[in-house]
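Colleague: To be precise about what I am sending: the file is called start38.cif and holds mmCIF, C-alpha atoms.
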data_target
loop_
_atom_site.group_PDB
_atom_site.id
_atom_site.type_symbol
_atom_site.label_atom_id
_atom_site.label_comp_id
_atom_site.auth_asym_id
_atom_site.auth_seq_id
_atom_site.Cartn_x
_atom_site.Cartn_y
_atom_site.Cartn_z
ATOM 1 C CA SER K 1 -63.400 81.279 24.781
ATOM 2 C CA SER K 2 -61.161 78.363 23.888
ATOM 3 C CA VAL K 3 -62.862 78.081 20.526
ATOM 4 C CA GLY K 4 -62.162 81.745 19.978
ATOM 5 C CA THR K 5 -58.499 80.943 20.609
ATOM 6 C CA PHE K 6 -58.657 78.256 17.913
ATOM 7 C CA VAL K 7 -60.088 80.760 15.475
ATOM 8 C CA CYS K 8 -57.234 83.157 16.249
ATOM 9 C CA LEU K 9 -54.772 80.357 15.623
ATOM 10 C CA LEU K 10 -56.446 79.698 12.297
ATOM 11 C CA ALA K 11 -56.039 83.336 11.352
ATOM 12 C CA LYS K 12 -52.318 83.135 12.055
ATOM 13 C CA ALA K 13 -51.845 79.663 10.563
ATOM 14 C CA PRO K 14 -51.123 80.833 6.961
ATOM 15 C CA GLU K 15 -47.761 82.071 8.245
ATOM 16 C CA ALA K 16 -46.842 78.445 8.871
ATOM 17 C CA VAL K 17 -47.324 77.479 5.223
ATOM 18 C CA SER K 18 -44.873 79.942 3.691
ATOM 19 C CA ASN K 19 -42.212 77.236 3.234
ATOM 20 C CA VAL K 20 -44.579 74.492 2.091
ATOM 21 C CA PRO K 21 -44.452 73.344 -1.583
ATOM 22 C CA PRO K 22 -47.196 74.952 -3.740
ATOM 23 C CA ALA K 23 -49.396 71.853 -4.047
ATOM 24 C CA ASN K 24 -49.291 71.121 -0.300
ATOM 25 C CA LYS K 25 -49.651 74.833 0.534
ATOM 26 C CA LEU K 26 -52.904 75.082 -1.442
ATOM 27 C CA CYS K 27 -54.212 71.957 0.261
ATOM 28 C CA ARG K 28 -53.411 73.338 3.713
ATOM 29 C CA ILE K 29 -54.911 76.795 3.080
ATOM 30 C CA ASN K 30 -58.163 75.273 1.774
ATOM 31 C CA PHE K 31 -58.250 73.037 4.823
ATOM 32 C CA LEU K 32 -57.760 75.999 7.158
ATOM 33 C CA LEU K 33 -60.562 77.973 5.546
ATOM 34 C CA CYS K 34 -62.968 75.068 5.940
ATOM 35 C CA MET K 35 -61.940 74.562 9.556
ATOM 36 C CA GLU K 36 -62.422 78.247 10.333
ATOM 37 C CA VAL K 37 -66.027 78.094 9.142
ATOM 38 C CA PHE K 38 -66.498 74.868 11.064
ATOM 39 C CA PHE K 39 -65.256 76.352 14.333
ATOM 40 C CA CYS K 40 -67.411 79.434 13.932
ATOM 41 C CA CYS K 41 -70.423 77.124 13.797
ATOM 42 C CA LEU K 42 -69.021 75.036 16.642
ATOM 43 C CA ASN K 43 -68.662 78.135 18.802
ATOM 44 C CA LEU K 44 -72.385 78.764 18.500
ATOM 45 C CA LEU K 45 -73.173 75.172 19.501
ATOM 46 C CA LEU K 46 -70.894 75.244 22.530
ATOM 47 C CA THR K 47 -72.626 78.348 23.871
ATOM 48 C CA VAL K 48 -75.768 76.263 24.079
ATOM 49 C CA TYR K 49 -74.333 72.800 24.827
ATOM 50 C CA ASN K 50 -71.387 72.863 27.214
ATOM 51 C CA THR K 51 -70.007 69.515 26.121
ATOM 52 C CA ASP K 52 -66.393 69.533 27.280
ATOM 53 C CA ILE K 53 -65.693 65.994 26.030
ATOM 54 C CA LEU K 54 -67.000 66.799 22.570
ATOM 55 C CA TYR K 55 -64.861 69.916 22.484
ATOM 56 C CA LYS K 56 -61.656 68.083 23.454
ATOM 57 C CA THR K 57 -62.303 65.298 20.953
ATOM 58 C CA ILE K 58 -62.842 67.703 18.081
ATOM 59 C CA ALA K 59 -59.768 69.714 19.085
ATOM 60 C CA PHE K 60 -57.656 66.545 19.009
ATOM 61 C CA PHE K 61 -58.780 65.617 15.491
ATOM 62 C CA PHE K 62 -58.338 69.201 14.339
ATOM 63 C CA PHE K 63 -54.652 69.343 15.300
ATOM 64 C CA ALA K 64 -54.079 65.823 13.965
ATOM 65 C CA ALA K 65 -55.585 66.766 10.595
ATOM 66 C CA LEU K 66 -53.676 70.054 10.528
ATOM 67 C CA SER K 67 -50.390 68.197 10.800
ATOM 68 C CA ILE K 68 -51.099 65.881 7.841
ATOM 69 C CA PRO K 69 -49.945 68.239 5.044
ATOM 70 C CA SER K 70 -46.631 68.722 6.866
ATOM 71 C CA SER K 71 -45.936 65.005 6.668
ATOM 72 C CA TYR K 72 -45.615 65.140 2.875
ATOM 73 C CA ALA K 73 -42.037 65.068 1.624
ATOM 74 C CA GLN K 74 -41.018 68.440 0.291
ATOM 75 C CA GLU K 75 -40.225 68.441 -3.390
ATOM 76 C CA LYS K 76 -36.703 69.380 -4.398
ATOM 77 C CA LYS K 77 -34.613 69.547 -7.545
ATOM 78 C CA SER K 78 -32.255 66.696 -8.394
ATOM 79 C CA TYR K 79 -29.502 67.400 -10.916
ATOM 80 C CA PHE K 80 -27.955 64.796 -13.216
ATOM 81 C CA SER K 81 -25.420 65.175 -16.010
ATOM 82 C CA GLU K 82 -23.683 62.710 -18.328
ATOM 83 C CA ALA K 83 -21.750 63.008 -21.566
ATOM 84 C CA LYS K 84 -24.038 61.934 -24.400
ATOM 85 C CA MET K 85 -23.661 62.400 -28.150
ATOM 86 C CA GLY K 86 -20.459 64.379 -27.677
ATOM 87 C CA SER K 87 -22.052 66.931 -25.344
ATOM 88 C CA PRO K 88 -23.027 67.263 -21.674
ATOM 89 C CA PHE K 89 -26.634 66.098 -21.309
ATOM 90 C CA SER K 90 -28.174 67.486 -18.123
ATOM 91 C CA ILE K 91 -31.462 66.460 -16.540
ATOM 92 C CA ILE K 92 -33.234 68.300 -13.707
ATOM 93 C CA LEU K 93 -36.044 66.441 -11.940
ATOM 94 C CA VAL K 94 -38.367 67.867 -9.280
ATOM 95 C CA SER K 95 -39.510 65.190 -6.859
ATOM 96 C CA GLY K 96 -40.010 64.469 -3.181
ATOM 97 C CA ASP K 97 -38.276 61.114 -3.666
ATOM 98 C CA SER K 98 -34.591 61.456 -4.571
ATOM 99 C CA LEU K 99 -34.193 57.710 -5.134
ATOM 100 C CA LYS K 100 -37.064 57.660 -7.600
ATOM 101 C CA ALA K 101 -35.549 60.675 -9.364
ATOM 102 C CA ALA K 102 -32.235 58.838 -9.706
ATOM 103 C CA VAL K 103 -33.978 55.795 -11.197
ATOM 104 C CA LEU K 104 -35.861 57.965 -13.704
ATOM 105 C CA ALA K 105 -32.659 59.749 -14.697
ATOM 106 C CA HIS K 106 -30.929 56.398 -15.256
ATOM 107 C CA GLU K 107 -33.812 55.240 -17.466
ATOM 108 C CA ALA K 108 -33.766 58.520 -19.383
ATOM 109 C CA TYR K 109 -30.041 58.138 -20.138
ATOM 110 C CA ALA K 110 -30.676 54.554 -21.263
ATOM 111 C CA LEU K 111 -33.305 55.932 -23.664
ATOM 112 C CA ILE K 112 -30.764 58.433 -24.995
ATOM 113 C CA ASP K 113 -28.273 55.623 -25.606
ATOM 114 C CA SER K 114 -30.902 53.626 -27.501
ATOM 115 C CA PHE K 115 -31.512 56.560 -29.862
ATOM 116 C CA ASN K 116 -27.783 57.098 -30.268
ATOM 117 C CA THR K 117 -27.432 53.570 -31.648
ATOM 118 C CA LEU K 118 -29.861 54.620 -34.370
ATOM 119 C CA PHE K 119 -28.849 58.193 -35.245
ATOM 120 C CA SER K 120 -25.095 58.484 -34.665
ATOM 121 C CA ASP K 121 -22.818 58.766 -37.690
ATOM 122 C CA TYR K 122 -19.785 58.399 -35.420
ATOM 123 C CA ASP K 123 -20.821 54.856 -34.482
ATOM 124 C CA THR K 124 -20.061 52.640 -37.486
ATOM 125 C CA SER K 125 -22.553 50.036 -36.215
ATOM 126 C CA SER K 126 -25.486 52.473 -35.933
ATOM 127 C CA GLU K 127 -28.502 52.177 -38.200
ATOM 128 C CA LEU K 128 -27.675 55.531 -39.798
ATOM 129 C CA SER K 129 -24.114 54.391 -40.588
ATOM 130 C CA ARG K 130 -25.454 51.231 -42.213
ATOM 131 C CA LEU K 131 -27.796 53.347 -44.327
ATOM 132 C CA ASN K 132 -24.917 55.623 -45.365
ATOM 133 C CA ALA K 133 -22.790 52.599 -46.262
ATOM 134 C CA ALA K 134 -25.537 51.466 -48.650
ATOM 135 C CA ALA K 135 -25.436 54.713 -50.672
ATOM 136 C CA GLY K 136 -25.429 53.898 -54.384
ATOM 137 C CA LYS K 137 -26.327 50.269 -53.699
ATOM 138 C CA GLY K 138 -30.127 50.323 -53.592
ATOM 139 C CA LYS K 139 -32.999 50.764 -51.189
ATOM 140 C CA VAL K 140 -32.786 50.083 -47.452
ATOM 141 C CA SER K 141 -35.621 49.288 -45.034
ATOM 142 C CA ILE K 142 -35.284 51.395 -41.888
ATOM 143 C CA SER K 143 -36.792 51.516 -38.391
ATOM 144 C CA PRO K 144 -39.805 53.700 -37.513
ATOM 145 C CA SER K 145 -37.595 55.988 -35.405
ATOM 146 C CA LEU K 146 -35.111 56.651 -38.198
ATOM 147 C CA TRP K 147 -37.961 57.084 -40.663
ATOM 148 C CA ASN K 148 -39.535 59.718 -38.406
ATOM 149 C CA MET K 149 -36.211 61.491 -38.042
ATOM 150 C CA ILE K 150 -35.694 61.667 -41.809
ATOM 151 C CA SER K 151 -39.303 62.831 -42.251
ATOM 152 C CA TYR K 152 -38.771 65.667 -39.747
ATOM 153 C CA SER K 153 -35.534 66.518 -41.520
ATOM 154 C CA LYS K 154 -37.379 66.745 -44.828
ATOM 155 C CA MET K 155 -39.860 69.181 -43.283
ATOM 156 C CA ALA K 156 -36.990 71.304 -41.954
ATOM 157 C CA TYR K 157 -35.320 71.201 -45.382
ATOM 158 C CA GLU K 158 -38.477 72.424 -47.084
ATOM 159 C CA LYS K 159 -39.326 75.103 -44.510
ATOM 160 C CA SER K 160 -35.764 76.451 -44.569
ATOM 161 C CA GLU K 161 -35.763 76.385 -48.381
ATOM 162 C CA GLY K 162 -32.754 74.089 -48.406
ATOM 163 C CA ALA K 163 -30.708 75.855 -45.712
ATOM 164 C CA PHE K 164 -31.082 72.846 -43.407
ATOM 165 C CA ASP K 165 -29.985 69.682 -45.165
ATOM 166 C CA ILE K 166 -29.017 66.401 -43.520
ATOM 167 C CA THR K 167 -27.289 65.239 -46.719
ATOM 168 C CA ILE K 168 -24.412 67.547 -45.716
ATOM 169 C CA GLY K 169 -22.675 64.396 -44.442
ATOM 170 C CA PRO K 170 -19.915 64.211 -47.110
ATOM 171 C CA LEU K 171 -18.836 67.789 -46.344
ATOM 172 C CA SER K 172 -19.085 67.465 -42.564
ATOM 173 C CA HIS K 173 -16.938 64.319 -42.704
ATOM 174 C CA LEU K 174 -14.418 66.150 -44.899
ATOM 175 C CA TRP K 175 -14.154 68.958 -42.344
ATOM 176 C CA ARG K 176 -13.804 66.506 -39.462
ATOM 177 C CA VAL K 177 -10.708 65.118 -41.148
ATOM 178 C CA ALA K 178 -9.459 68.634 -41.803
ATOM 179 C CA ARG K 179 -9.904 69.601 -38.172
ATOM 180 C CA LYS K 180 -8.084 66.469 -37.025
ATOM 181 C CA GLU K 181 -5.225 67.060 -39.432
ATOM 182 C CA LYS K 182 -5.264 70.832 -38.758
ATOM 183 C CA ARG K 183 -5.434 71.831 -42.390
ATOM 184 C CA PHE K 184 -8.074 73.207 -44.742
ATOM 185 C CA PRO K 185 -9.478 70.791 -47.336
ATOM 186 C CA ASP K 186 -8.506 71.611 -50.903
ATOM 187 C CA SER K 187 -11.082 73.140 -53.263
ATOM 188 C CA LEU K 188 -11.214 70.073 -55.501
ATOM 189 C CA SER K 189 -12.231 67.811 -52.594
ATOM 190 C CA VAL K 190 -14.893 70.293 -51.462
ATOM 191 C CA ASN K 191 -16.409 70.484 -54.955
ATOM 192 C CA VAL K 192 -16.487 66.706 -55.303
ATOM 193 C CA LYS K 193 -18.283 66.328 -51.975
ATOM 194 C CA ARG K 194 -20.752 69.109 -52.768
ATOM 195 C CA LYS K 195 -22.057 67.104 -55.732
ATOM 196 C CA MET K 196 -23.192 64.428 -53.261
ATOM 197 C CA VAL K 197 -25.213 66.917 -51.215
ATOM 198 C CA GLY K 198 -28.909 67.661 -51.728
ATOM 199 C CA PHE K 199 -32.017 66.297 -50.051
ATOM 200 C CA TYR K 200 -33.670 66.099 -53.452
ATOM 201 C CA HIS K 201 -31.416 63.088 -54.174
ATOM 202 C CA ILE K 202 -33.131 60.988 -51.492
ATOM 203 C CA ARG K 203 -35.837 58.589 -52.635
ATOM 204 C CA THR K 204 -38.437 57.488 -50.117
ATOM 205 C CA ASP K 205 -41.032 54.732 -50.073
ATOM 206 C CA SER K 206 -43.457 55.435 -47.213
ATOM 207 C CA THR K 207 -45.481 52.263 -47.874
ATOM 208 C CA ASN K 208 -42.532 49.975 -47.195
ATOM 209 C CA ARG K 209 -40.576 52.502 -45.084
ATOM 210 C CA GLU K 210 -37.572 52.329 -47.390
ATOM 211 C CA ILE K 211 -34.893 54.888 -48.171
ATOM 212 C CA THR K 212 -32.605 55.029 -51.190
ATOM 213 C CA LEU K 213 -29.434 57.118 -51.304
ATOM 214 C CA PRO K 214 -28.769 56.910 -55.059
ATOM 215 C CA VAL K 215 -25.435 58.744 -55.179
ATOM 216 C CA THR K 216 -22.370 56.756 -54.160
ATOM 217 C CA GLY K 217 -20.662 58.501 -51.268
ATOM 218 C CA MET K 218 -23.835 60.181 -49.961
ATOM 219 C CA LYS K 219 -23.979 60.472 -46.190
ATOM 220 C CA LEU K 220 -26.730 61.682 -43.891
ATOM 221 C CA ASP K 221 -25.670 63.711 -40.857
ATOM 222 C CA LEU K 222 -28.392 64.116 -38.208
ATOM 223 C CA GLY K 223 -26.239 66.187 -35.836
ATOM 224 C CA GLY K 224 -28.314 69.310 -36.401
ATOM 225 C CA ILE K 225 -31.649 67.757 -35.431
ATOM 226 C CA ALA K 226 -31.171 64.503 -33.511
ATOM 227 C CA LYS K 227 -30.225 66.074 -30.181
ATOM 228 C CA GLY K 228 -33.325 68.256 -30.099
ATOM 229 C CA TYR K 229 -35.516 65.314 -31.077
ATOM 230 C CA ILE K 230 -33.997 63.089 -28.385
ATOM 231 C CA ALA K 231 -34.321 65.829 -25.746
ATOM 232 C CA GLN K 232 -38.027 66.081 -26.542
ATOM 233 C CA GLN K 233 -38.404 62.305 -26.259
ATOM 234 C CA VAL K 234 -36.790 62.448 -22.808
ATOM 235 C CA ILE K 235 -39.213 65.205 -21.728
ATOM 236 C CA GLU K 236 -42.163 63.088 -22.866
ATOM 237 C CA PHE K 237 -40.703 59.925 -21.291
#
Kindly return the structure encoded in the file as structure tokens.
Modeller:
Amino acid sequence: SSVGTFVCLLAKAPEAVSNVPPANKLCRINFLLCMEVFFCCLNLLLTVYNTDILYKTIAFFFFAALSIPSSYAQEKKSYFSEAKMGSPFSIILVSGDSLKAAVLAHEAYALIDSFNTLFSDYDTSSELSRLNAAAGKGKVSISPSLWNMISYSKMAYEKSEGAFDITIGPLSHLWRVARKEKRFPDSLSVNVKRKMVGFYHIRTDSTNREITLPVTGMKLDLGGIAKGYIAQQVIEF
């Protein structure tokens, strides 16, 4: 019968969903299973009631409904990359709307730039640079974001038993100059800078969200943790 033909088509229909995105594929397969049961019941009714008009009407709606999942835009990967914080920062978004993906990528890079104005020690106007400039001059009130970053850094310092230390700033700056000038720093300069290093120097006031760098010349360098933190913020964005 014609209904039997429909049932055969339903049996073969899963082949048509092999290139459909997972979410749409599941929707279509569930739909096909329901329709197969429906047409089995319909076949019994049509053996008793030969209603040709009813049959044609139902067949029309069946094929119309079957085509709905195909109308969804297929999801695809969109790749974006920009230079941020001295490194390539790549973003891969999976979306059926490439324009929306581009907008989200633009907003994500704007978020990265906003964090860079807080955490960069290359930018002399950043919040971190202002904190470093106040070393030996008293306490400084800082933003919630910088406070969180220093708090995470303290946890890393403690868990690594001092191996990870953001107060390495004086030494990292010394080696930046050495790399630029293509010469090793002398031992005296290294020893002087080492006396400024040590997370235990930092004084914190969580109530007022204030930080004190008591040793003149102290510098915090967030290069070893800020990028990972910012990447996570972008993922959660």
Colleague: Report as a ChimeraX atom specification the full result of the PyMOL selection byres ((chain K and resi 89) around 10) when it is applied to this structure.
Modeller: /K:80-88,90-91,109,112,227,231
Colleague: Just C-alpha atoms for this one: save the residues we selected as a PDB file, in the coordinates of the input.
Modeller:
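Produced file part-v7.pdb, reproduced below:
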ATOM      1  CA  PHE K  80     -27.955  64.796 -13.216  1.00  0.00           C
ATOM      2  CA  SER K  81     -25.420  65.175 -16.010  1.00  0.00           C
ATOM      3  CA  GLU K  82     -23.683  62.710 -18.328  1.00  0.00           C
ATOM      4  CA  ALA K  83     -21.750  63.008 -21.566  1.00  0.00           C
ATOM      5  CA  LYS K  84     -24.038  61.934 -24.400  1.00  0.00           C
ATOM      6  CA  MET K  85     -23.661  62.400 -28.150  1.00  0.00           C
ATOM      7  CA  GLY K  86     -20.459  64.379 -27.677  1.00  0.00           C
ATOM      8  CA  SER K  87     -22.052  66.931 -25.344  1.00  0.00           C
ATOM      9  CA  PRO K  88     -23.027  67.263 -21.674  1.00  0.00           C
ATOM     10  CA  SER K  90     -28.174  67.486 -18.123  1.00  0.00           C
ATOM     11  CA  ILE K  91     -31.462  66.460 -16.540  1.00  0.00           C
ATOM     12  CA  TYR K 109     -30.041  58.138 -20.138  1.00  0.00           C
ATOM     13  CA  ILE K 112     -30.764  58.433 -24.995  1.00  0.00           C
ATOM     14  CA  LYS K 227     -30.225  66.074 -30.181  1.00  0.00           C
ATOM     15  CA  ALA K 231     -34.321  65.829 -25.746  1.00  0.00           C
TER      16      ALA K 231
END
Colleague: Quick one: residues within 9 Å of segment 165-182 of chain K, only C-alpha atoms counted, chain neighbours fewer than 5 positions away excluded, as a PDB file with C-alpha atoms, keeping the file's coordinate frame?
Modeller:
ATOM      1  CA  ASP K 121     -22.818  58.766 -37.690  1.00  0.00           C
ATOM      2  CA  ILE K 150     -35.694  61.667 -41.809  1.00  0.00           C
ATOM      3  CA  SER K 153     -35.534  66.518 -41.520  1.00  0.00           C
ATOM      4  CA  LYS K 154     -37.379  66.745 -44.828  1.00  0.00           C
ATOM      5  CA  ALA K 156     -36.990  71.304 -41.954  1.00  0.00           C
ATOM      6  CA  TYR K 157     -35.320  71.201 -45.382  1.00  0.00           C
ATOM      7  CA  SER K 160     -35.764  76.451 -44.569  1.00  0.00           C
ATOM      8  CA  SER K 189     -12.231  67.811 -52.594  1.00  0.00           C
ATOM      9  CA  VAL K 190     -14.893  70.293 -51.462  1.00  0.00           C
ATOM     10  CA  LYS K 193     -18.283  66.328 -51.975  1.00  0.00           C
ATOM     11  CA  ARG K 194     -20.752  69.109 -52.768  1.00  0.00           C
ATOM     12  CA  MET K 196     -23.192  64.428 -53.261  1.00  0.00           C
ATOM     13  CA  VAL K 197     -25.213  66.917 -51.215  1.00  0.00           C
ATOM     14  CA  GLY K 198     -28.909  67.661 -51.728  1.00  0.00           C
ATOM     15  CA  PHE K 199     -32.017  66.297 -50.051  1.00  0.00           C
ATOM     16  CA  HIS K 201     -31.416  63.088 -54.174  1.00  0.00           C
ATOM     17  CA  ILE K 202     -33.131  60.988 -51.492  1.00  0.00           C
ATOM     18  CA  GLY K 217     -20.662  58.501 -51.268  1.00  0.00           C
ATOM     19  CA  MET K 218     -23.835  60.181 -49.961  1.00  0.00           C
ATOM     20  CA  LYS K 219     -23.979  60.472 -46.190  1.00  0.00           C
ATOM     21  CA  LEU K 220     -26.730  61.682 -43.891  1.00  0.00           C
ATOM     22  CA  ASP K 221     -25.670  63.711 -40.857  1.00  0.00           C
ATOM     23  CA  LEU K 222     -28.392  64.116 -38.208  1.00  0.00           C
ATOM     24  CA  GLY K 223     -26.239  66.187 -35.836  1.00  0.00           C
ATOM     25  CA  GLY K 224     -28.314  69.310 -36.401  1.00  0.00           C
ATOM     26  CA  ILE K 225     -31.649  67.757 -35.431  1.00  0.00           C
TER      27      ILE K 225
END
Colleague: Would you compute the distance between atom CA of Leu104 of chain K and atom CA of Ser145 of chain K? Give it in Å to one decimal.
Modeller: 21.9 Å
Colleague: List every protein, DNA or RNA residue that has an atom no more than 10 Å from (-30.3, 54.3, -53.9) in the file's coordinate frame, counting all atoms listed in the file, and report them as a ChimeraX atom specification.
Modeller: /K:131,134-140,201-204,210-216,218
Colleague: At what distance in Å, to one decimal, does atom CA of Tyr79 of chain K lie from atom CA of Leu93 of chain K?
Modeller: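 Atom CA of Tyr79 of chain K lies at a distance of 6.7 Å from atom CA of Leu93 of chain K.
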Colleague: For a test of reading the model, state the distance in Å between atom CA of Lys195 of chain K and atom CA of Ala163 of chain K, rounded to one decimal.
Modeller: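 A separation of 15.9 Å between them.
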Colleague: Box for segment 128-146 of chain K: with edges along x, y and z, all listed atoms inside and 5 Å added on each side, what are the centre and edge lengths in Å to one decimal, as AutoDock Vina command-line options?
Modeller:
--center_x -31.3 --center_y 53.0 --center_z -44.9 --size_x 27.0 --size_y 17.4 --size_z 29.0
